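Okay, structure first, notes after.
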Amino acid sequence: MVSGPILHIALSGPFRTCFDYLPPAELLTSPVPGCRFEVPFGKSNRIGILLSISEQSTLPPSKLKRAKRQLDAQPLLLEADIRLLRWAADYYQHPFGDVIFQALPSNLRKWRTLRMAKPAGLRLTQAGKAVDLNTLGRAPKQVALIQTLMKNSAGLSKIALKEEHAITPAVVRSLMKKGWIEPCDLQTQPETPTAPPKEKEGHPLNPHQQQAVDKVSHYLGTFRPFLLNGVTGSGKTEVYLHLVEAVVARGQQALLLAPEIGLTPQLLQRFRERMGDKVAVLHSGLADGERERIWQSMRCADQQVLIGTRSAIFSPLPKLGLIIVDEEHDLSYKQQEGFRYSARDLSLVRAQQSLTLAAGEQAMLFLNRRGYAPMLTCHACGWLTDCPRCDARMTHHRQQNLLWCHHCGHQQRVPQQCPSCGSPDLRPIGQGTERVEESLQQIFPDTPLARIDRDSTSRKGSLEKLLAQIKAGVYPILLGTQMLAKGHHFPAVTLVAILDVDQGLFGADFRASERMAQLILQVSGRAGRAERPGKVLIQTRHPDHPLMQLLTTKGYDAFSEVALQERRNALLPPYSHQVLIRAEATKAEHPERFLNQILEAGLKIDGAANIEFWGPVPAPMERRAGKTRAHLLIQSSHRQPLHQWLEACIKLIDELPQSRQVRWSIDVDPQEML
Ligand code: ADP
Ligand code: ZN
Ligand code: ZN
């Protein structure tokens, strides 16, 4: 088995699976799903799109080839786009390689790299501006280029230079070599220098139209299909216009699908009159370059409204808030050859998948573990980042390049090599908030994310500032530890994900499951306030665990009833009362010896017969901060005899000579057995 980052790439062609490659020798950026790669395939090279990255490949090492190069630094397709395409390929049983590539403008199915968002231009450098033109008497073309650029100080595109000023690429190259001109970004000029025509007001709606607009508007931001029923001329388009305006006003994008013959100049004109250049149109008559430009502008959300025929359903629309399918019964929504999809049906799937994030709402992820990963391991020998002072692992904090024990505070630099065998291959195990943040940024590169944990809010006032920004809606994704669950109200949160709750199901502490349930309840309470329906996702490896089932299907009351019954059967609190005596010392044998003496003396106290003694036993974390620790648990079904016994016992402890060799404490009604 080969390990290291392995790229899973979908290749253009009738392929139903994707292919594994090693990353190319040189990367443009760290590879993100949605970027294109050129890869060797058979005897030739092909283009593929990166779908995912994993640690391992099932291919034998001899079969695993290296990708040739990365074509895009930015993903062409975002995660949501890939998800829709995957769904469509599965549902229509069409090879995924075909499906994913037909979603790209044809220019980008080839080797062409992505066009710059702004056209690249040329301008004079300082040296170029200072050239004495008289010295260039024998190079009139160079003089012409310099003079042209003098007049256009903001720069000119190469195309304009060639077509409007008859300047050849050879001249451009020679001045470039001399360092007299340089590339620059061109500010996109408005097509007409005059002010854009004033956007028209719509008709006042009639009561039926108003009712339709109100009903749909109420559900903007959630998934909800509607059928608008009305004969031609009854005013449906007017309803669409109002709804699209409402969506655009929310800062979102709208997609209007129309049958090929329904995409009439009148329809486009009405949208253009009302919304000007926010509207783009995709139809079969467009040149490839124009198609690519529109695709780009939708992908960057530079334009808000896309009107198009069937295939427009695959356009990237990161802020999609509404899809309208005009004349949904029309047969032209179904492609009749090759990839036989129905754009009408896919519009429903797409609307359903458009995850919360686009809707001006917030998603909250909760993981009660800060740092990058709970430990590092050496891949060669299995060495782990044990804390030298505790029975615990040191957490990997990647941003600070530290190993940090959360129990005793011990810190050290991350070693370059395994201290045990010298291998440089040290890998993180498990997830902390830092690592989840990194994954989220890869999946949603354009979505601002706020991380709330002790590390990200250590500076004074930073938590307050972050919370205020979250309330103002700056961050669609919130990620955090317990700090995030504590009492803050986030009315816009409609999706909550609780990561890795399993320690609650199997924790050593009998209260672990109760805490897990309370946490789920508390965190879930953050979702779906203020009339917005919310969703809670729980990540567990044991979805069938009876307590988990009870909690998710019947709720907290049912859970607590069963949990209480279990406690009653086991005679655990609240059906009994507990006292925990803790002892710790530098010398390993002292704490247990001390607790044994307490036990011996305690058994002789009056009333000891009504009391149960458990231990002494090593504490769950036997060594912490260099000290060895032990517990003695004392329990009784009645509080009074327990307290009488305790009073007598404390007097005895004070007289024990060993009590000066250990640090000891008494915890009445202990909440944690740490
Ligand atoms: P449909 O899309 O159902 O065919 P339209 O929205 O195109 O209907 O409306 C048909 C005609 O009626 C258009 O000329 C439109 O400008 C006009 N119209 C629609 N709604 C109103 C209204 N509330 N008041 C006045 N005229 C309207
Ligand atoms: Zn420690
Ligand atoms: Zn090692």
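How things are named: the first chain in the structure tokens is A, the next is B, and so on; residues count from 1 in each chain; ligands count from 1 in the order shown.
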
TODO: Return as a PyMOL selection string every polymer residue, whether protein, DNA or RNA, with at least one atom no more than 8 Å from an atom of ligand 1; count only C-alpha atoms and all ligand atoms.
DONE: chain A and resi 203-206+209+230-240+267

Could you save those same residues with all heavy atoms as a short mmCIF file (atom, residue, chain, number, x, y, z; two decimals), in the first residue's frame?
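This is the output file out23.cif:
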data_model
loop_
_atom_site.label_atom_id
_atom_site.label_comp_id
_atom_site.auth_asym_id
_atom_site.auth_seq_id
_atom_site.Cartn_x
_atom_site.Cartn_y
_atom_site.Cartn_z
N HIS A 203 -45.00 46.15 -12.20
CA HIS A 203 -46.42 46.48 -12.00
C HIS A 203 -46.78 46.27 -10.54
O HIS A 203 -46.22 45.39 -9.90
CB HIS A 203 -47.31 45.51 -12.79
CG HIS A 203 -47.11 45.57 -14.26
ND1 HIS A 203 -47.57 46.61 -15.02
CD2 HIS A 203 -46.47 44.73 -15.10
CE1 HIS A 203 -47.24 46.39 -16.28
NE2 HIS A 203 -46.56 45.26 -16.37
N PRO A 204 -47.74 47.04 -10.05
CA PRO A 204 -48.29 46.62 -8.75
C PRO A 204 -48.96 45.25 -8.95
O PRO A 204 -49.67 45.06 -9.94
CB PRO A 204 -49.31 47.71 -8.41
CG PRO A 204 -49.40 48.60 -9.60
CD PRO A 204 -48.40 48.22 -10.62
N LEU A 205 -48.70 44.34 -8.06
CA LEU A 205 -49.21 42.98 -8.25
C LEU A 205 -50.70 42.92 -7.97
O LEU A 205 -51.21 43.63 -7.10
CB LEU A 205 -48.48 42.03 -7.30
CG LEU A 205 -46.98 41.87 -7.54
CD1 LEU A 205 -46.39 40.98 -6.46
CD2 LEU A 205 -46.72 41.27 -8.92
N ASN A 206 -51.38 42.03 -8.72
CA ASN A 206 -52.78 41.79 -8.37
C ASN A 206 -52.82 40.84 -7.17
O ASN A 206 -51.80 40.24 -6.81
CB ASN A 206 -53.57 41.30 -9.58
CG ASN A 206 -53.18 39.89 -10.00
OD1 ASN A 206 -52.84 39.06 -9.16
ND2 ASN A 206 -53.19 39.63 -11.30
N GLN A 209 -51.24 37.35 -7.59
CA GLN A 209 -49.78 37.41 -7.73
C GLN A 209 -49.14 37.70 -6.38
O GLN A 209 -48.14 37.09 -5.99
CB GLN A 209 -49.39 38.50 -8.74
CG GLN A 209 -49.73 38.14 -10.18
CD GLN A 209 -49.52 39.32 -11.11
OE1 GLN A 209 -49.85 40.46 -10.76
NE2 GLN A 209 -49.00 39.05 -12.29
N GLY A 230 -50.85 28.69 -13.84
CA GLY A 230 -51.56 29.79 -14.48
C GLY A 230 -51.38 29.71 -15.98
O GLY A 230 -50.31 29.32 -16.45
N VAL A 231 -52.42 30.05 -16.74
CA VAL A 231 -52.31 29.99 -18.19
C VAL A 231 -51.38 31.09 -18.68
O VAL A 231 -51.03 32.01 -17.92
CB VAL A 231 -53.69 30.16 -18.87
CG1 VAL A 231 -54.59 28.99 -18.54
CG2 VAL A 231 -54.32 31.49 -18.45
N THR A 232 -50.96 30.99 -19.92
CA THR A 232 -50.11 32.02 -20.51
C THR A 232 -50.81 33.37 -20.42
O THR A 232 -52.01 33.47 -20.67
CB THR A 232 -49.82 31.69 -21.99
OG1 THR A 232 -49.33 30.36 -22.03
CG2 THR A 232 -48.81 32.65 -22.57
N GLY A 233 -50.07 34.36 -20.03
CA GLY A 233 -50.64 35.71 -19.95
C GLY A 233 -51.28 36.00 -18.61
O GLY A 233 -51.80 37.09 -18.37
N SER A 234 -51.24 35.04 -17.70
CA SER A 234 -51.90 35.26 -16.41
C SER A 234 -50.99 36.01 -15.43
O SER A 234 -51.40 36.31 -14.32
CB SER A 234 -52.36 33.93 -15.81
OG SER A 234 -51.23 33.09 -15.64
N GLY A 235 -49.76 36.26 -15.82
CA GLY A 235 -48.90 37.09 -14.95
C GLY A 235 -47.87 36.32 -14.16
O GLY A 235 -47.38 36.80 -13.14
N LYS A 236 -47.48 35.13 -14.62
CA LYS A 236 -46.49 34.34 -13.89
C LYS A 236 -45.11 34.99 -13.94
O LYS A 236 -44.41 35.07 -12.92
CB LYS A 236 -46.40 32.92 -14.48
CG LYS A 236 -47.68 32.10 -14.33
CD LYS A 236 -47.48 30.66 -14.77
CE LYS A 236 -47.09 30.54 -16.24
NZ LYS A 236 -48.15 30.94 -17.19
N THR A 237 -44.74 35.46 -15.13
CA THR A 237 -43.41 36.06 -15.27
C THR A 237 -43.25 37.24 -14.32
O THR A 237 -42.18 37.47 -13.75
CB THR A 237 -43.17 36.50 -16.72
OG1 THR A 237 -43.43 35.38 -17.56
CG2 THR A 237 -41.75 36.98 -16.91
N GLU A 238 -44.33 37.96 -14.13
CA GLU A 238 -44.31 39.09 -13.21
C GLU A 238 -43.99 38.61 -11.78
O GLU A 238 -43.25 39.24 -11.04
CB GLU A 238 -45.68 39.78 -13.26
CG GLU A 238 -45.69 41.20 -12.79
CD GLU A 238 -44.74 42.11 -13.54
OE1 GLU A 238 -44.60 41.96 -14.78
OE2 GLU A 238 -44.11 42.96 -12.89
N VAL A 239 -44.57 37.45 -11.45
CA VAL A 239 -44.29 36.85 -10.13
C VAL A 239 -42.80 36.47 -10.04
O VAL A 239 -42.14 36.76 -9.04
CB VAL A 239 -45.19 35.62 -9.89
CG1 VAL A 239 -44.76 34.87 -8.64
CG2 VAL A 239 -46.64 36.05 -9.78
N TYR A 240 -42.28 35.86 -11.11
CA TYR A 240 -40.86 35.49 -11.10
C TYR A 240 -39.99 36.72 -10.85
O TYR A 240 -39.04 36.69 -10.07
CB TYR A 240 -40.40 34.89 -12.44
CG TYR A 240 -41.15 33.68 -12.94
CD1 TYR A 240 -41.15 33.37 -14.29
CD2 TYR A 240 -41.85 32.85 -12.07
CE1 TYR A 240 -41.80 32.26 -14.78
CE2 TYR A 240 -42.51 31.74 -12.55
CZ TYR A 240 -42.50 31.45 -13.91
OH TYR A 240 -43.15 30.36 -14.39
N LEU A 267 -38.86 37.94 -22.98
CA LEU A 267 -38.59 37.50 -21.60
C LEU A 267 -37.30 38.14 -21.09
O LEU A 267 -37.25 38.74 -20.01
CB LEU A 267 -38.48 35.98 -21.56
CG LEU A 267 -38.10 35.40 -20.19
CD1 LEU A 267 -39.30 35.42 -19.26
CD2 LEU A 267 -37.56 33.98 -20.30
#

Open item on the list: Please find the residues contacting ligand 3 at a distance of at most 6 Å between atoms, with only C-alpha atoms and all ligand atoms counted, and report them as number ranges by chain.
Closed with: A: 378, 380-383, 418, 420-423

- [ ] Point out the residue among A:Cys408, A:Leu449, A:Leu440, A:Ala608 with the least atom-to-atom distance to ligand 2, counting only C-alpha atoms and all ligand atoms.
- [x]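 Among the listed residues, A:Cys408 lies closest to ligand 2.
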
- [ ] Name each residue within 8 Å of ligand 2, counting only C-alpha atoms and all ligand atoms, as a VMD selection string.
- [x] chain A and resid 387 to 394 404 to 410 624 to 626

For the residues in the current selection, export C-alpha atoms as a PDB file, in the first residue's frame.
ATOM      1  CA  CYS A 387       3.408  13.668  28.042  1.00  0.00           C
ATOM      2  CA  PRO A 388       6.540  13.065  30.133  1.00  0.00           C
ATOM      3  CA  ARG A 389       4.601  14.035  33.270  1.00  0.00           C
ATOM      4  CA  CYS A 390       1.122  12.532  32.722  1.00  0.00           C
ATOM      5  CA  ASP A 391      -0.597   9.386  31.511  1.00  0.00           C
ATOM      6  CA  ALA A 392      -1.851  11.383  28.570  1.00  0.00           C
ATOM      7  CA  ARG A 393      -0.855  12.418  25.075  1.00  0.00           C
ATOM      8  CA  MET A 394       0.341  15.854  24.222  1.00  0.00           C
ATOM      9  CA  TRP A 404       1.007  20.707  24.551  1.00  0.00           C
ATOM     10  CA  CYS A 405      -0.345  18.622  27.415  1.00  0.00           C
ATOM     11  CA  HIS A 406      -3.809  19.864  28.320  1.00  0.00           C
ATOM     12  CA  HIS A 407      -3.605  18.230  31.747  1.00  0.00           C
ATOM     13  CA  CYS A 408      -0.410  19.641  33.185  1.00  0.00           C
ATOM     14  CA  GLY A 409       0.402  22.426  30.728  1.00  0.00           C
ATOM     15  CA  HIS A 410       3.725  20.914  29.652  1.00  0.00           C
ATOM     16  CA  ARG A 624      -0.512  13.793  36.163  1.00  0.00           C
ATOM     17  CA  ALA A 625       2.048  16.617  36.260  1.00  0.00           C
ATOM     18  CA  GLY A 626       4.648  14.170  37.527  1.00  0.00           C
TER      19      GLY A 626
END

TODO: Enumerate, as a VMD selection string, the complete set of residues in segment 219-399 of chain A that a backbone-based DSSP assignment places in strand (DSSP E).
DONE: chain A and resid 253 to 257 279 to 282 305 to 308 320 to 325 362 to 366 375 to 378 395 to 397

Open item on the list: Please identify the alpha helix (DSSP H) residues within segment 266-341 of chain A (assignment by DSSP from backbone atoms) and present them as a ChimeraX atom specification.
Closed with: /A:266-275,288-299

Residue subset to file, keeping N, CA and C atoms, as a PDB file, in the first residue's frame:
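Done, and the output landed in out.pdb:
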ATOM      1  N   GLN A 266     -38.422  38.805 -25.591  1.00  0.00           N
ATOM      2  CA  GLN A 266     -39.309  39.570 -24.698  1.00  0.00           C
ATOM      3  C   GLN A 266     -39.022  39.238 -23.236  1.00  0.00           C
ATOM      4  N   LEU A 267     -38.856  37.935 -22.980  1.00  0.00           N
ATOM      5  CA  LEU A 267     -38.590  37.501 -21.602  1.00  0.00           C
ATOM      6  C   LEU A 267     -37.297  38.143 -21.091  1.00  0.00           C
ATOM      7  N   LEU A 268     -36.239  38.022 -21.917  1.00  0.00           N
ATOM      8  CA  LEU A 268     -34.954  38.571 -21.502  1.00  0.00           C
ATOM      9  C   LEU A 268     -35.048  40.067 -21.314  1.00  0.00           C
ATOM     10  N   GLN A 269     -35.774  40.711 -22.225  1.00  0.00           N
ATOM     11  CA  GLN A 269     -35.878  42.159 -22.141  1.00  0.00           C
ATOM     12  C   GLN A 269     -36.540  42.587 -20.830  1.00  0.00           C
ATOM     13  N   ARG A 270     -37.559  41.851 -20.433  1.00  0.00           N
ATOM     14  CA  ARG A 270     -38.236  42.225 -19.181  1.00  0.00           C
ATOM     15  C   ARG A 270     -37.286  42.096 -17.988  1.00  0.00           C
ATOM     16  N   PHE A 271     -36.501  41.039 -17.972  1.00  0.00           N
ATOM     17  CA  PHE A 271     -35.538  40.901 -16.871  1.00  0.00           C
ATOM     18  C   PHE A 271     -34.455  41.966 -16.937  1.00  0.00           C
ATOM     19  N   ARG A 272     -33.975  42.246 -18.163  1.00  0.00           N
ATOM     20  CA  ARG A 272     -32.924  43.256 -18.307  1.00  0.00           C
ATOM     21  C   ARG A 272     -33.426  44.638 -17.915  1.00  0.00           C
ATOM     22  N   GLU A 273     -34.677  44.934 -18.291  1.00  0.00           N
ATOM     23  CA  GLU A 273     -35.238  46.248 -17.941  1.00  0.00           C
ATOM     24  C   GLU A 273     -35.293  46.428 -16.433  1.00  0.00           C
ATOM     25  N   ARG A 274     -35.602  45.343 -15.775  1.00  0.00           N
ATOM     26  CA  ARG A 274     -35.796  45.467 -14.331  1.00  0.00           C
ATOM     27  C   ARG A 274     -34.497  45.309 -13.552  1.00  0.00           C
ATOM     28  N   MET A 275     -33.585  44.485 -14.069  1.00  0.00           N
ATOM     29  CA  MET A 275     -32.394  44.193 -13.266  1.00  0.00           C
ATOM     30  C   MET A 275     -31.071  44.461 -13.963  1.00  0.00           C
ATOM     31  N   ASP A 288     -18.103  29.842 -27.528  1.00  0.00           N
ATOM     32  CA  ASP A 288     -17.467  29.219 -26.370  1.00  0.00           C
ATOM     33  C   ASP A 288     -16.918  30.236 -25.381  1.00  0.00           C
ATOM     34  N   GLY A 289     -16.279  31.276 -25.908  1.00  0.00           N
ATOM     35  CA  GLY A 289     -15.666  32.278 -25.045  1.00  0.00           C
ATOM     36  C   GLY A 289     -16.704  32.987 -24.190  1.00  0.00           C
ATOM     37  N   GLU A 290     -17.837  33.303 -24.788  1.00  0.00           N
ATOM     38  CA  GLU A 290     -18.899  33.997 -24.079  1.00  0.00           C
ATOM     39  C   GLU A 290     -19.488  33.100 -22.981  1.00  0.00           C
ATOM     40  N   ARG A 291     -19.669  31.832 -23.341  1.00  0.00           N
ATOM     41  CA  ARG A 291     -20.136  30.851 -22.387  1.00  0.00           C
ATOM     42  C   ARG A 291     -19.221  30.795 -21.154  1.00  0.00           C
ATOM     43  N   GLU A 292     -17.923  30.763 -21.428  1.00  0.00           N
ATOM     44  CA  GLU A 292     -16.962  30.676 -20.336  1.00  0.00           C
ATOM     45  C   GLU A 292     -17.025  31.931 -19.461  1.00  0.00           C
ATOM     46  N   ARG A 293     -17.183  33.091 -20.132  1.00  0.00           N
ATOM     47  CA  ARG A 293     -17.231  34.333 -19.364  1.00  0.00           C
ATOM     48  C   ARG A 293     -18.423  34.327 -18.396  1.00  0.00           C
ATOM     49  N   ILE A 294     -19.588  33.885 -18.907  1.00  0.00           N
ATOM     50  CA  ILE A 294     -20.790  33.865 -18.063  1.00  0.00           C
ATOM     51  C   ILE A 294     -20.624  32.855 -16.925  1.00  0.00           C
ATOM     52  N   TRP A 295     -20.068  31.707 -17.277  1.00  0.00           N
ATOM     53  CA  TRP A 295     -19.832  30.655 -16.287  1.00  0.00           C
ATOM     54  C   TRP A 295     -18.971  31.191 -15.144  1.00  0.00           C
ATOM     55  N   GLN A 296     -17.906  31.922 -15.550  1.00  0.00           N
ATOM     56  CA  GLN A 296     -16.996  32.530 -14.564  1.00  0.00           C
ATOM     57  C   GLN A 296     -17.710  33.543 -13.688  1.00  0.00           C
ATOM     58  N   SER A 297     -18.518  34.377 -14.334  1.00  0.00           N
ATOM     59  CA  SER A 297     -19.098  35.469 -13.558  1.00  0.00           C
ATOM     60  C   SER A 297     -20.133  34.922 -12.575  1.00  0.00           C
ATOM     61  N   MET A 298     -20.766  33.809 -12.928  1.00  0.00           N
ATOM     62  CA  MET A 298     -21.679  33.157 -11.988  1.00  0.00           C
ATOM     63  C   MET A 298     -20.894  32.502 -10.851  1.00  0.00           C
ATOM     64  N   ARG A 299     -19.787  31.874 -11.234  1.00  0.00           N
ATOM     65  CA  ARG A 299     -18.970  31.168 -10.249  1.00  0.00           C
ATOM     66  C   ARG A 299     -18.428  32.129  -9.198  1.00  0.00           C
TER      67      ARG A 299
END

TODO: Considering only C-alpha atoms, state which residue in the set A:Ala630, A:Leu76, A:Ala154, A:Leu228 is at the smallest distance from Ala588 of chain A.
DONE: A:Ala630
